[in-house]
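Colleague: So that you have it, the file is structure_28.cif, and it contains mmCIF, C-alpha atoms:
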data_model
loop_
_atom_site.group_PDB
_atom_site.id
_atom_site.type_symbol
_atom_site.label_atom_id
_atom_site.label_comp_id
_atom_site.auth_asym_id
_atom_site.auth_seq_id
_atom_site.Cartn_x
_atom_site.Cartn_y
_atom_site.Cartn_z
ATOM 1 C CA MET H 19 134.360 142.904 88.326
ATOM 2 C CA ILE H 20 131.426 143.118 85.924
ATOM 3 C CA GLU H 21 129.460 139.873 85.553
ATOM 4 C CA LEU H 22 127.812 139.660 82.149
ATOM 5 C CA ASN H 23 127.910 135.845 81.877
ATOM 6 C CA ILE H 24 128.312 135.351 78.143
ATOM 7 C CA GLU H 25 127.686 131.875 76.743
ATOM 8 C CA ILE H 26 129.594 130.559 73.740
ATOM 9 C CA GLY H 27 128.249 127.084 73.298
ATOM 10 C CA LYS H 28 129.246 125.083 76.368
ATOM 11 C CA ILE H 29 131.560 127.780 77.733
ATOM 12 C CA THR H 30 130.458 130.616 79.993
ATOM 13 C CA LEU H 31 132.572 133.775 80.357
ATOM 14 C CA ASN H 32 131.991 136.323 83.075
ATOM 15 C CA ASN H 33 132.491 139.022 80.433
ATOM 16 C CA PRO H 34 132.916 138.973 76.627
ATOM 17 C CA THR H 35 136.665 139.697 76.510
ATOM 18 C CA MET H 36 139.480 137.227 75.897
ATOM 19 C CA LEU H 37 143.204 137.391 75.407
ATOM 20 C CA ALA H 38 143.995 136.705 71.741
ATOM 21 C CA ALA H 39 146.487 134.008 70.776
ATOM 22 C CA GLY H 40 150.125 135.062 70.480
ATOM 23 C CA ILE H 41 150.163 137.768 73.166
ATOM 24 C CA MET H 42 151.495 136.875 76.629
ATOM 25 C CA GLY H 43 150.267 133.334 76.102
ATOM 26 C CA SER H 44 153.398 131.205 76.360
ATOM 27 C CA ALA H 45 153.646 130.782 80.149
ATOM 28 C CA ALA H 46 151.295 130.039 83.031
ATOM 29 C CA SER H 47 152.492 133.154 84.859
ATOM 30 C CA SER H 48 151.593 135.555 82.039
ATOM 31 C CA LEU H 49 148.243 133.874 81.376
ATOM 32 C CA ARG H 50 147.455 134.071 85.070
ATOM 33 C CA ARG H 51 148.315 137.771 85.023
ATOM 34 C CA ILE H 52 145.916 138.412 82.154
ATOM 35 C CA MET H 53 143.149 136.609 84.038
ATOM 36 C CA SER H 54 143.758 138.864 87.031
ATOM 37 C CA CYS H 55 143.471 141.911 84.755
ATOM 38 C CA GLY H 56 139.855 141.070 83.974
ATOM 39 C CA ALA H 57 139.867 138.902 80.859
ATOM 40 C CA GLY H 58 136.876 136.580 80.645
ATOM 41 C CA ALA H 59 139.094 133.869 79.139
ATOM 42 C CA VAL H 60 142.591 133.421 77.752
ATOM 43 C CA VAL H 61 143.881 131.909 74.521
ATOM 44 C CA THR H 62 147.370 130.457 74.614
ATOM 45 C CA LYS H 63 150.215 130.903 72.167
ATOM 46 C CA SER H 64 149.774 128.571 69.201
ATOM 47 C CA ILE H 65 151.380 125.218 69.986
ATOM 48 C CA GLY H 66 152.694 122.624 67.518
ATOM 49 C CA LEU H 67 153.976 119.084 67.887
ATOM 50 C CA LEU H 68 157.616 120.187 67.845
ATOM 51 C CA SER H 69 159.282 123.189 69.430
ATOM 52 C CA ARG H 70 160.158 126.006 67.005
ATOM 53 C CA GLU H 71 162.468 128.973 67.296
ATOM 54 C CA GLY H 72 160.600 130.914 64.633
ATOM 55 C CA HIS H 73 161.965 133.335 62.052
ATOM 56 C CA LEU H 74 165.190 135.310 62.269
ATOM 57 C CA GLY H 75 164.751 138.915 63.355
ATOM 58 C CA PRO H 76 163.589 141.521 63.118
ATOM 59 C CA VAL H 77 160.260 139.826 63.843
ATOM 60 C CA LEU H 78 158.227 142.804 65.069
ATOM 61 C CA ALA H 79 157.873 146.387 63.896
ATOM 62 C CA GLU H 80 155.504 149.156 64.886
ATOM 63 C CA VAL H 81 153.801 150.831 61.925
ATOM 64 C CA PRO H 82 151.068 153.463 61.677
ATOM 65 C CA GLY H 83 147.894 151.898 63.022
ATOM 66 C CA GLY H 84 149.447 148.802 64.537
ATOM 67 C CA TYR H 85 152.209 146.245 64.361
ATOM 68 C CA LEU H 86 153.819 144.019 61.756
ATOM 69 C CA ASN H 87 154.976 140.661 63.036
ATOM 70 C CA ALA H 88 156.562 137.594 61.506
ATOM 71 C CA LEU H 89 157.508 135.505 64.498
ATOM 72 C CA GLY H 90 157.111 132.212 62.647
ATOM 73 C CA LEU H 91 155.097 130.406 65.324
ATOM 74 C CA PRO H 92 157.859 129.994 67.948
ATOM 75 C CA ASN H 93 156.688 127.688 70.728
ATOM 76 C CA MET H 94 157.875 125.022 73.156
ATOM 77 C CA GLY H 95 155.868 122.182 71.622
ATOM 78 C CA LEU H 96 154.564 119.436 73.873
ATOM 79 C CA ALA H 97 156.568 120.796 76.809
ATOM 80 C CA PHE H 98 153.821 123.419 77.094
ATOM 81 C CA LEU H 99 151.784 120.766 78.884
ATOM 82 C CA ASP H 100 153.664 121.595 82.094
ATOM 83 C CA GLU H 101 152.568 125.243 81.904
ATOM 84 C CA LEU H 102 148.954 124.256 81.294
ATOM 85 C CA GLU H 103 148.903 121.766 84.157
ATOM 86 C CA THR H 104 150.113 124.469 86.529
ATOM 87 C CA LEU H 105 147.472 126.913 85.330
ATOM 88 C CA SER H 106 144.600 124.443 85.270
ATOM 89 C CA ASN H 107 145.057 123.726 88.971
ATOM 90 C CA ASP H 108 144.256 127.311 89.977
ATOM 91 C CA ASP H 109 140.964 127.463 91.886
ATOM 92 C CA ASP H 110 139.955 130.848 90.458
ATOM 93 C CA ARG H 111 141.128 130.387 86.877
ATOM 94 C CA LYS H 112 139.157 131.568 83.873
ATOM 95 C CA PRO H 113 138.437 129.371 80.823
ATOM 96 C CA ILE H 114 141.579 128.321 78.960
ATOM 97 C CA ILE H 115 141.478 128.020 75.186
ATOM 98 C CA VAL H 116 144.521 126.248 73.735
ATOM 99 C CA SER H 117 145.587 127.372 70.271
ATOM 100 C CA LEU H 118 147.013 124.633 68.047
ATOM 101 C CA PHE H 119 148.727 124.575 64.665
ATOM 102 C CA GLY H 120 149.763 121.810 62.276
ATOM 103 C CA ASN H 121 149.861 121.039 58.576
ATOM 104 C CA CYS H 122 147.528 118.041 58.311
ATOM 105 C CA PRO H 123 144.568 116.475 60.146
ATOM 106 C CA ASP H 124 146.761 113.907 61.926
ATOM 107 C CA ASP H 125 148.931 116.647 63.437
ATOM 108 C CA PHE H 126 145.906 118.489 64.775
ATOM 109 C CA VAL H 127 144.327 115.321 66.157
ATOM 110 C CA GLU H 128 147.487 114.360 68.044
ATOM 111 C CA LEU H 129 147.772 117.853 69.494
ATOM 112 C CA ALA H 130 144.095 117.979 70.387
ATOM 113 C CA GLU H 131 144.170 114.644 72.186
ATOM 114 C CA THR H 132 147.285 115.723 74.077
ATOM 115 C CA PHE H 133 146.121 119.132 75.242
ATOM 116 C CA CYS H 134 142.355 118.651 75.700
ATOM 117 C CA GLN H 135 142.829 117.440 79.280
ATOM 118 C CA TYR H 136 143.860 120.952 80.348
ATOM 119 C CA ALA H 137 141.731 123.011 77.970
ATOM 120 C CA ASP H 138 138.163 124.278 78.066
ATOM 121 C CA ALA H 139 138.215 124.658 74.276
ATOM 122 C CA LEU H 140 140.645 124.283 71.398
ATOM 123 C CA GLU H 141 141.310 127.003 68.830
ATOM 124 C CA LEU H 142 142.649 125.653 65.538
ATOM 125 C CA ASN H 143 145.057 128.169 64.015
ATOM 126 C CA LEU H 144 144.320 127.840 60.318
ATOM 127 C CA SER H 145 145.244 131.415 59.568
ATOM 128 C CA CYS H 146 148.815 132.431 60.500
ATOM 129 C CA PRO H 147 150.036 134.336 57.390
ATOM 130 C CA HIS H 148 153.806 133.948 57.740
ATOM 131 C CA ALA H 149 154.759 130.355 58.680
ATOM 132 C CA GLN H 150 155.515 128.167 55.679
ATOM 133 C CA GLY H 151 153.458 124.985 55.565
ATOM 134 C CA PHE H 152 151.097 126.063 58.332
ATOM 135 C CA GLY H 153 148.297 128.523 59.008
ATOM 136 C CA VAL H 154 146.895 130.256 55.952
ATOM 137 C CA GLU H 155 148.690 127.858 53.591
ATOM 138 C CA VAL H 156 146.384 125.178 54.994
ATOM 139 C CA GLY H 157 143.450 127.305 56.075
ATOM 140 C CA SER H 158 142.753 129.017 52.756
ATOM 141 C CA ASP H 159 141.464 125.725 51.333
ATOM 142 C CA PRO H 160 137.851 125.062 52.394
ATOM 143 C CA ALA H 161 138.284 121.310 51.954
ATOM 144 C CA ALA H 162 141.290 121.303 54.279
ATOM 145 C CA VAL H 163 139.469 123.456 56.830
ATOM 146 C CA LYS H 164 136.540 121.050 56.851
ATOM 147 C CA ALA H 165 138.748 117.955 57.039
ATOM 148 C CA ILE H 166 140.926 119.236 59.870
ATOM 149 C CA THR H 167 137.962 120.509 61.867
ATOM 150 C CA ASN H 168 136.062 117.266 61.387
ATOM 151 C CA SER H 169 139.042 115.146 62.428
ATOM 152 C CA VAL H 170 139.564 117.094 65.638
ATOM 153 C CA SER H 171 135.890 117.397 66.579
ATOM 154 C CA LYS H 172 135.477 113.613 66.366
ATOM 155 C CA HIS H 173 138.360 112.962 68.763
ATOM 156 C CA VAL H 174 137.694 115.402 71.629
ATOM 157 C CA ASP H 175 134.748 116.155 73.900
ATOM 158 C CA ILE H 176 135.460 119.870 74.338
ATOM 159 C CA PRO H 177 134.480 122.721 72.009
ATOM 160 C CA VAL H 178 136.521 123.234 68.849
ATOM 161 C CA TRP H 179 136.943 126.764 67.496
ATOM 162 C CA VAL H 180 138.508 127.594 64.124
ATOM 163 C CA LYS H 181 140.477 130.810 63.632
ATOM 164 C CA LEU H 182 139.984 132.064 60.086
ATOM 165 C CA THR H 183 142.200 134.077 57.773
ATOM 166 C CA PRO H 184 141.071 137.315 56.103
ATOM 167 C CA ASN H 185 143.608 136.746 53.321
ATOM 168 C CA VAL H 186 141.041 135.187 50.976
ATOM 169 C CA THR H 187 138.361 136.444 48.606
ATOM 170 C CA ASP H 188 135.397 135.271 50.703
ATOM 171 C CA ILE H 189 135.866 134.362 54.368
ATOM 172 C CA THR H 190 132.328 132.981 54.635
ATOM 173 C CA VAL H 191 133.324 130.005 52.480
ATOM 174 C CA LEU H 192 135.923 129.084 55.099
ATOM 175 C CA GLY H 193 133.454 129.671 57.919
ATOM 176 C CA GLN H 194 130.914 127.388 56.297
ATOM 177 C CA ALA H 195 133.598 124.729 55.808
ATOM 178 C CA ALA H 196 134.471 124.928 59.503
ATOM 179 C CA GLU H 197 130.792 124.671 60.481
ATOM 180 C CA LYS H 198 130.275 121.652 58.213
ATOM 181 C CA GLY H 199 133.356 120.098 59.799
ATOM 182 C CA GLY H 200 131.797 120.331 63.244
ATOM 183 C CA ALA H 201 133.267 123.556 64.613
ATOM 184 C CA ASP H 202 131.533 124.959 67.688
ATOM 185 C CA ALA H 203 132.572 128.532 66.827
ATOM 186 C CA VAL H 204 134.772 130.514 64.462
ATOM 187 C CA VAL H 205 137.240 133.250 65.364
ATOM 188 C CA ALA H 206 137.729 136.128 62.931
ATOM 189 C CA ILE H 207 140.240 137.377 62.099
ATOM 190 C CA ASN H 208 143.944 136.617 62.189
ATOM 191 C CA THR H 209 146.444 139.198 60.937
ATOM 192 C CA VAL H 210 146.436 140.648 57.421
ATOM 193 C CA LYS H 211 149.404 140.009 55.122
ATOM 194 C CA ALA H 212 151.523 143.141 54.942
ATOM 195 C CA MET H 213 155.065 144.491 54.777
ATOM 196 C CA ALA H 214 157.144 147.624 55.277
ATOM 197 C CA ILE H 215 160.413 148.740 53.700
ATOM 198 C CA ASP H 216 163.249 150.669 55.349
ATOM 199 C CA VAL H 217 163.934 153.370 52.755
ATOM 200 C CA GLU H 218 167.372 154.202 54.177
ATOM 201 C CA GLY H 219 168.483 150.591 54.062
ATOM 202 C CA ALA H 220 166.423 149.830 50.942
ATOM 203 C CA ARG H 221 165.333 146.519 52.412
ATOM 204 C CA PRO H 222 162.269 144.998 54.063
ATOM 205 C CA VAL H 223 161.894 145.854 57.744
ATOM 206 C CA LEU H 224 161.115 142.274 58.777
ATOM 207 C CA GLY H 225 163.589 139.438 58.542
ATOM 208 C CA ASN H 226 160.897 137.309 56.873
ATOM 209 C CA VAL H 227 160.252 140.116 54.328
ATOM 210 C CA PHE H 228 156.499 140.161 55.029
ATOM 211 C CA GLY H 229 154.357 139.448 58.046
ATOM 212 C CA GLY H 230 150.939 139.989 59.553
ATOM 213 C CA LEU H 231 149.436 143.382 60.346
ATOM 214 C CA SER H 232 147.523 143.735 63.625
ATOM 215 C CA GLY H 233 146.122 146.679 65.537
ATOM 216 C CA SER H 234 143.574 149.390 64.839
ATOM 217 C CA ALA H 235 144.372 149.497 61.112
ATOM 218 C CA ILE H 236 142.680 146.125 60.551
ATOM 219 C CA LYS H 237 139.568 146.716 62.660
ATOM 220 C CA PRO H 238 137.285 147.727 59.753
ATOM 221 C CA ILE H 239 138.367 144.595 57.860
ATOM 222 C CA ALA H 240 137.688 142.410 60.878
ATOM 223 C CA VAL H 241 134.282 143.965 61.578
ATOM 224 C CA LYS H 242 133.214 143.311 57.974
ATOM 225 C CA CYS H 243 134.380 139.696 58.225
ATOM 226 C CA VAL H 244 132.402 139.173 61.431
ATOM 227 C CA TYR H 245 129.350 140.805 59.887
ATOM 228 C CA ASP H 246 129.505 138.492 56.884
ATOM 229 C CA LEU H 247 130.123 135.368 58.956
ATOM 230 C CA TYR H 248 127.220 136.110 61.302
ATOM 231 C CA GLY H 249 124.899 136.224 58.311
ATOM 232 C CA ALA H 250 126.264 133.011 56.830
ATOM 233 C CA LEU H 251 126.643 130.725 59.868
ATOM 234 C CA THR H 252 124.556 129.302 62.695
ATOM 235 C CA ILE H 253 127.496 128.783 65.086
ATOM 236 C CA PRO H 254 128.892 131.638 67.218
ATOM 237 C CA VAL H 255 131.415 134.110 65.854
ATOM 238 C CA ILE H 256 134.207 135.542 68.013
ATOM 239 C CA GLY H 257 135.661 138.836 66.809
ATOM 240 C CA VAL H 258 139.279 139.927 66.943
ATOM 241 C CA GLY H 259 141.316 142.656 65.282
ATOM 242 C CA GLY H 260 142.192 146.139 66.479
ATOM 243 C CA ILE H 261 140.075 146.334 69.631
ATOM 244 C CA SER H 262 141.335 148.795 72.233
ATOM 245 C CA ASN H 263 138.184 150.158 73.901
ATOM 246 C CA TYR H 264 134.570 149.281 74.550
ATOM 247 C CA GLU H 265 133.320 151.107 71.454
ATOM 248 C CA ASP H 266 135.550 148.922 69.294
ATOM 249 C CA ALA H 267 134.227 145.813 71.023
ATOM 250 C CA LEU H 268 130.631 146.935 70.563
ATOM 251 C CA GLU H 269 131.197 147.300 66.826
ATOM 252 C CA PHE H 270 132.134 143.629 66.679
ATOM 253 C CA ILE H 271 129.243 142.585 68.895
ATOM 254 C CA MET H 272 126.752 144.606 66.850
ATOM 255 C CA ALA H 273 128.192 142.964 63.726
ATOM 256 C CA GLY H 274 127.422 139.572 65.274
ATOM 257 C CA ALA H 275 130.266 138.569 67.605
ATOM 258 C CA ARG H 276 129.330 136.884 70.882
ATOM 259 C CA ALA H 277 132.735 137.711 72.358
ATOM 260 C CA VAL H 278 135.926 139.490 71.388
ATOM 261 C CA GLN H 279 139.629 138.785 71.659
ATOM 262 C CA ILE H 280 142.175 141.510 72.358
ATOM 263 C CA GLY H 281 145.840 141.346 71.411
ATOM 264 C CA SER H 282 147.856 144.390 70.315
ATOM 265 C CA ALA H 283 146.174 146.753 72.782
ATOM 266 C CA VAL H 284 147.613 144.728 75.678
ATOM 267 C CA ALA H 285 151.044 146.182 74.872
ATOM 268 C CA ARG H 286 149.933 149.573 76.146
ATOM 269 C CA ASN H 287 147.156 148.763 78.584
ATOM 270 C CA LEU H 288 146.911 145.562 80.622
ATOM 271 C CA SER H 289 143.629 146.832 82.036
ATOM 272 C CA VAL H 290 142.017 146.869 78.606
ATOM 273 C CA PHE H 291 139.894 143.783 79.385
ATOM 274 C CA GLU H 292 138.293 145.321 82.443
ATOM 275 C CA ASP H 293 137.953 148.700 80.719
ATOM 276 C CA VAL H 294 136.100 147.108 77.813
ATOM 277 C CA ALA H 295 133.835 145.001 80.044
ATOM 278 C CA VAL H 296 132.921 147.983 82.231
ATOM 279 C CA GLY H 297 132.240 150.129 79.182
ATOM 280 C CA ILE H 298 129.946 147.518 77.631
ATOM 281 C CA ASP H 299 128.065 147.093 80.913
ATOM 282 C CA ARG H 300 127.529 150.844 81.210
ATOM 283 C CA TYR H 301 126.361 151.058 77.605
ATOM 284 C CA LEU H 302 123.832 148.264 78.129
ATOM 285 C CA SER H 303 122.578 149.836 81.343
ATOM 286 C CA THR H 304 122.226 153.270 79.761
ATOM 287 C CA LYS H 305 120.387 151.936 76.730
ATOM 288 C CA ARG H 306 118.371 149.458 78.837
ATOM 289 C CA LEU H 307 119.450 146.609 76.611
ATOM 290 C CA SER H 308 120.612 143.084 77.320
ATOM 291 C CA PHE H 309 123.766 141.656 75.802
ATOM 292 C CA GLU H 310 121.624 139.407 73.608
ATOM 293 C CA ASP H 311 119.771 142.462 72.314
ATOM 294 C CA VAL H 312 123.012 143.892 70.955
ATOM 295 C CA VAL H 313 124.538 140.803 69.338
ATOM 296 C CA GLY H 314 124.013 141.211 65.576
ATOM 297 C CA ILE H 315 121.823 144.280 65.987
ATOM 298 C CA ALA H 316 123.471 145.973 62.994
ATOM 299 C CA HIS H 317 121.844 143.356 60.753
ATOM 300 C CA LYS H 318 118.392 144.409 61.925
ATOM 301 C CA SER H 319 118.845 147.995 60.789
ATOM 302 C CA TYR H 320 118.316 147.066 57.137
#
Go ahead and render the structure in this file as structure tokens.

Modeller:
Amino acid sequence: MIELNIEIGKITLNNPTMLAAGIMGSAASSLRRIMSCGAGAVVTKSIGLLSREGHLGPVLAEVPGGYLNALGLPNMGLAFLDELETLSNDDDRKPIIVSLFGNCPDDFVELAETFCQYADALELNLSCPHAQGFGVEVGSDPAAVKAITNSVSKHVDIPVWVKLTPNVTDITVLGQAAEKGGADAVVAINTVKAMAIDVEGARPVLGNVFGGLSGSAIKPIAVKCVYDLYGALTIPVIGVGGISNYEDALEFIMAGARAVQIGSAVARNLSVFEDVAVGIDRYLSTKRLSFEDVVGIAHKSY
């Protein structure tokens, strides 16, 4: 496997790819499988204090350019600790980033203190677009982003990442709030609010009416968000949204991302992590560039 050794604060990845939250991240067995497929790190399913069944179906629909989903943050709550303990004991495991969601600082602090023992970093989900009372309903307010981030960062000794929503006028305001709150990195972006209608049934396709759009259709949005955040922040930016090959990943890296997360593409290609890492390594070798040379290089063209 390619060894690029990418540093994101205190965490070192052997390549710049990670599993994104919400995809094959709810069990130790599936996370272990993703590690074996070449991911440099894995992000778990978002976990809350209480177990949730999520929204009534349909919760997922394929649309041109990607997928619509409105799962509603289903998770096993604190019982997920057992899965993490199993995974953390593996000798050859990759870094584990635990995704957390809540609706107030106290919720996030309790979750962070509970799960930090088995995590290499925490990713605060302040951006899910379709779960009432959570995600974007909290994370679109800069003051709330700062307060939640600050509360968590003061109570744990591991890195705290904040996953940002694109469903706002200016994502850099949220990124700056996270940085002021003590975030070690930001992750951009979560899914984009969207919906589809079944014209034969004359009704929304999803049971929740609307959901979040992921896949290649949102990549240009995500690249622009990363580009803007890189210019506005001093902490690392991690890019996510529509990546399925090494060229996609390089767009994010050139926009300023130090690493990328991959989600929807896993549905069709479990080897996507290794494919992307190999492609980036070949590109760097051909161009005689280092990884650091490429991070944010698109900003230097103007």

Colleague: Assuming the chain letters and numbering stay as they are in my file, what does the PyMOL selection byres ((chain H and resi 161) around 12) actually select? List them as a PyMOL selection string.

Modeller: chain H and resi 122-123+156-160+162-168+191-199

Colleague: Can you spit out the residues from that selection as a JSON list (two decimals), in the coordinates of the input, using C-alpha atoms?

Modeller:
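part.json, freshly written:
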[["chain", "number", "residue", "atom", "x", "y", "z"],
["H", 122, "CYS", "CA", 147.53, 118.04, 58.31],
["H", 123, "PRO", "CA", 144.57, 116.48, 60.15],
["H", 156, "VAL", "CA", 146.38, 125.18, 54.99],
["H", 157, "GLY", "CA", 143.45, 127.30, 56.08],
["H", 158, "SER", "CA", 142.75, 129.02, 52.76],
["H", 159, "ASP", "CA", 141.46, 125.72, 51.33],
["H", 160, "PRO", "CA", 137.85, 125.06, 52.39],
["H", 162, "ALA", "CA", 141.29, 121.30, 54.28],
["H", 163, "VAL", "CA", 139.47, 123.46, 56.83],
["H", 164, "LYS", "CA", 136.54, 121.05, 56.85],
["H", 165, "ALA", "CA", 138.75, 117.96, 57.04],
["H", 166, "ILE", "CA", 140.93, 119.24, 59.87],
["H", 167, "THR", "CA", 137.96, 120.51, 61.87],
["H", 168, "ASN", "CA", 136.06, 117.27, 61.39],
["H", 191, "VAL", "CA", 133.32, 130.00, 52.48],
["H", 192, "LEU", "CA", 135.92, 129.08, 55.10],
["H", 193, "GLY", "CA", 133.45, 129.67, 57.92],
["H", 194, "GLN", "CA", 130.91, 127.39, 56.30],
["H", 195, "ALA", "CA", 133.60, 124.73, 55.81],
["H", 196, "ALA", "CA", 134.47, 124.93, 59.50],
["H", 197, "GLU", "CA", 130.79, 124.67, 60.48],
["H", 198, "LYS", "CA", 130.28, 121.65, 58.21],
["H", 199, "GLY", "CA", 133.36, 120.10, 59.80]]

Colleague: Measuring between all atoms listed in the file, which one of H:Val61, H:Val296, H:Ile189, H:Cys146 shows the shortest distance to Leu37 (chain H)?

Modeller: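 Using all atoms listed in the file, Leu37 (chain H) sits closest to H:Val61.
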
Colleague: Evaluate the PyMOL selection byres ((chain H and resi 220-234) around 10) against this structure - the residues, as an MDAnalysis selection string, please.

Modeller: chainID H and resid 73:90 146:149 207:219 235:240 258:262 266 280:283

Colleague: With all atoms listed in the file as the basis for distance, which of H:Asn93, H:Thr62, H:Ser48, H:Asn32 is at the shortest distance from Val116 (chain H)?

Modeller: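 Answer, going by the shortest atom-to-atom distance: H:Thr62.
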
Colleague: Ranking H:Ala273, H:Val255, H:Val205, H:Val178 by minimum distance to Lys28 (chain H) and counting all atoms listed in the file, which one comes first?

Modeller: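 Under the stated criterion, the closest residue is H:Val178.
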
Colleague: With all atoms listed in the file as the counted atoms, please give the residues lying no more than 9 Å from Glu101 (chain H), apart from itself and same-chain residues fewer than 5 positions off, as a count of residues only.

Modeller: 5

Colleague: Quick one: pull the distance between CA of Tyr264 (chain H) and CA of Phe291 (chain H), Å, one decimal.

Modeller: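 CA of Phe291 (chain H) lies at a distance of 9.1 Å from CA of Tyr264 (chain H).
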
Colleague: Given only C-alpha atoms as the basis, pick out the residue of H:Ala277, H:Ala137, H:Ile114, H:Leu182 nearest to Asn23 (chain H).

Modeller: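 Among the listed residues, the smallest separation from Asn23 (chain H) belongs to H:Ala277.
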
Colleague: Show which residues sit within 8 Å of Leu22 (chain H), as a PyMOL selection string. Count only C-alpha atoms, and ignore same-chain residues fewer than 2 positions away.

Modeller: chain H and resi 20+24+31-34+299+309

Colleague: Quick one: region 143-163 of chain H with N, CA and C atoms, as a CSV table (one decimal), in the frame of the given file?

Modeller:
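Output (part.csv):
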chain,number,residue,atom,x,y,z
H,143,ASN,N,144.5,127.0,64.7
H,143,ASN,CA,145.1,128.2,64.0
H,143,ASN,C,145.2,127.8,62.6
H,144,LEU,N,144.3,128.1,61.7
H,144,LEU,CA,144.3,127.8,60.3
H,144,LEU,C,144.5,129.1,59.5
H,145,SER,N,145.2,130.1,60.1
H,145,SER,CA,145.2,131.4,59.6
H,145,SER,C,146.5,132.2,59.7
H,146,CYS,N,147.6,131.7,60.4
H,146,CYS,CA,148.8,132.4,60.5
H,146,CYS,C,149.4,132.7,59.1
H,147,PRO,N,149.7,134.0,58.8
H,147,PRO,CA,150.0,134.3,57.4
H,147,PRO,C,151.5,134.2,57.0
H,148,HIS,N,152.4,133.8,58.0
H,148,HIS,CA,153.8,133.9,57.7
H,148,HIS,C,154.6,132.7,58.2
H,149,ALA,N,154.0,131.6,58.3
H,149,ALA,CA,154.8,130.4,58.7
H,149,ALA,C,154.6,129.3,57.6
H,150,GLN,N,155.6,129.0,56.8
H,150,GLN,CA,155.5,128.2,55.7
H,150,GLN,C,155.0,126.8,56.1
H,151,GLY,N,154.0,126.3,55.3
H,151,GLY,CA,153.5,125.0,55.6
H,151,GLY,C,152.4,124.9,56.6
H,152,PHE,N,152.1,126.0,57.3
H,152,PHE,CA,151.1,126.1,58.3
H,152,PHE,C,150.1,127.2,58.1
H,153,GLY,N,149.2,127.4,59.0
H,153,GLY,CA,148.3,128.5,59.0
H,153,GLY,C,147.5,128.7,57.7
H,154,VAL,N,147.7,129.9,57.1
H,154,VAL,CA,146.9,130.3,56.0
H,154,VAL,C,147.2,129.3,54.8
H,155,GLU,N,148.4,128.8,54.7
H,155,GLU,CA,148.7,127.9,53.6
H,155,GLU,C,147.8,126.6,53.6
H,156,VAL,N,147.3,126.3,54.8
H,156,VAL,CA,146.4,125.2,55.0
H,156,VAL,C,145.0,125.7,55.0
H,157,GLY,N,144.8,126.8,55.8
H,157,GLY,CA,143.4,127.3,56.1
H,157,GLY,C,142.8,128.1,55.0
H,158,SER,N,143.4,128.3,53.9
H,158,SER,CA,142.8,129.0,52.8
H,158,SER,C,142.0,128.1,51.8
H,159,ASP,N,142.1,126.8,52.1
H,159,ASP,CA,141.5,125.7,51.3
H,159,ASP,C,140.3,125.2,52.1
H,160,PRO,N,139.0,125.5,51.7
H,160,PRO,CA,137.9,125.1,52.4
H,160,PRO,C,137.8,123.6,52.7
H,161,ALA,N,138.3,122.8,51.7
H,161,ALA,CA,138.3,121.3,52.0
H,161,ALA,C,139.2,120.9,53.1
H,162,ALA,N,140.4,121.6,53.2
H,162,ALA,CA,141.3,121.3,54.3
H,162,ALA,C,140.7,121.8,55.6
H,163,VAL,N,140.1,122.9,55.6
H,163,VAL,CA,139.5,123.5,56.8
H,163,VAL,C,138.4,122.5,57.3
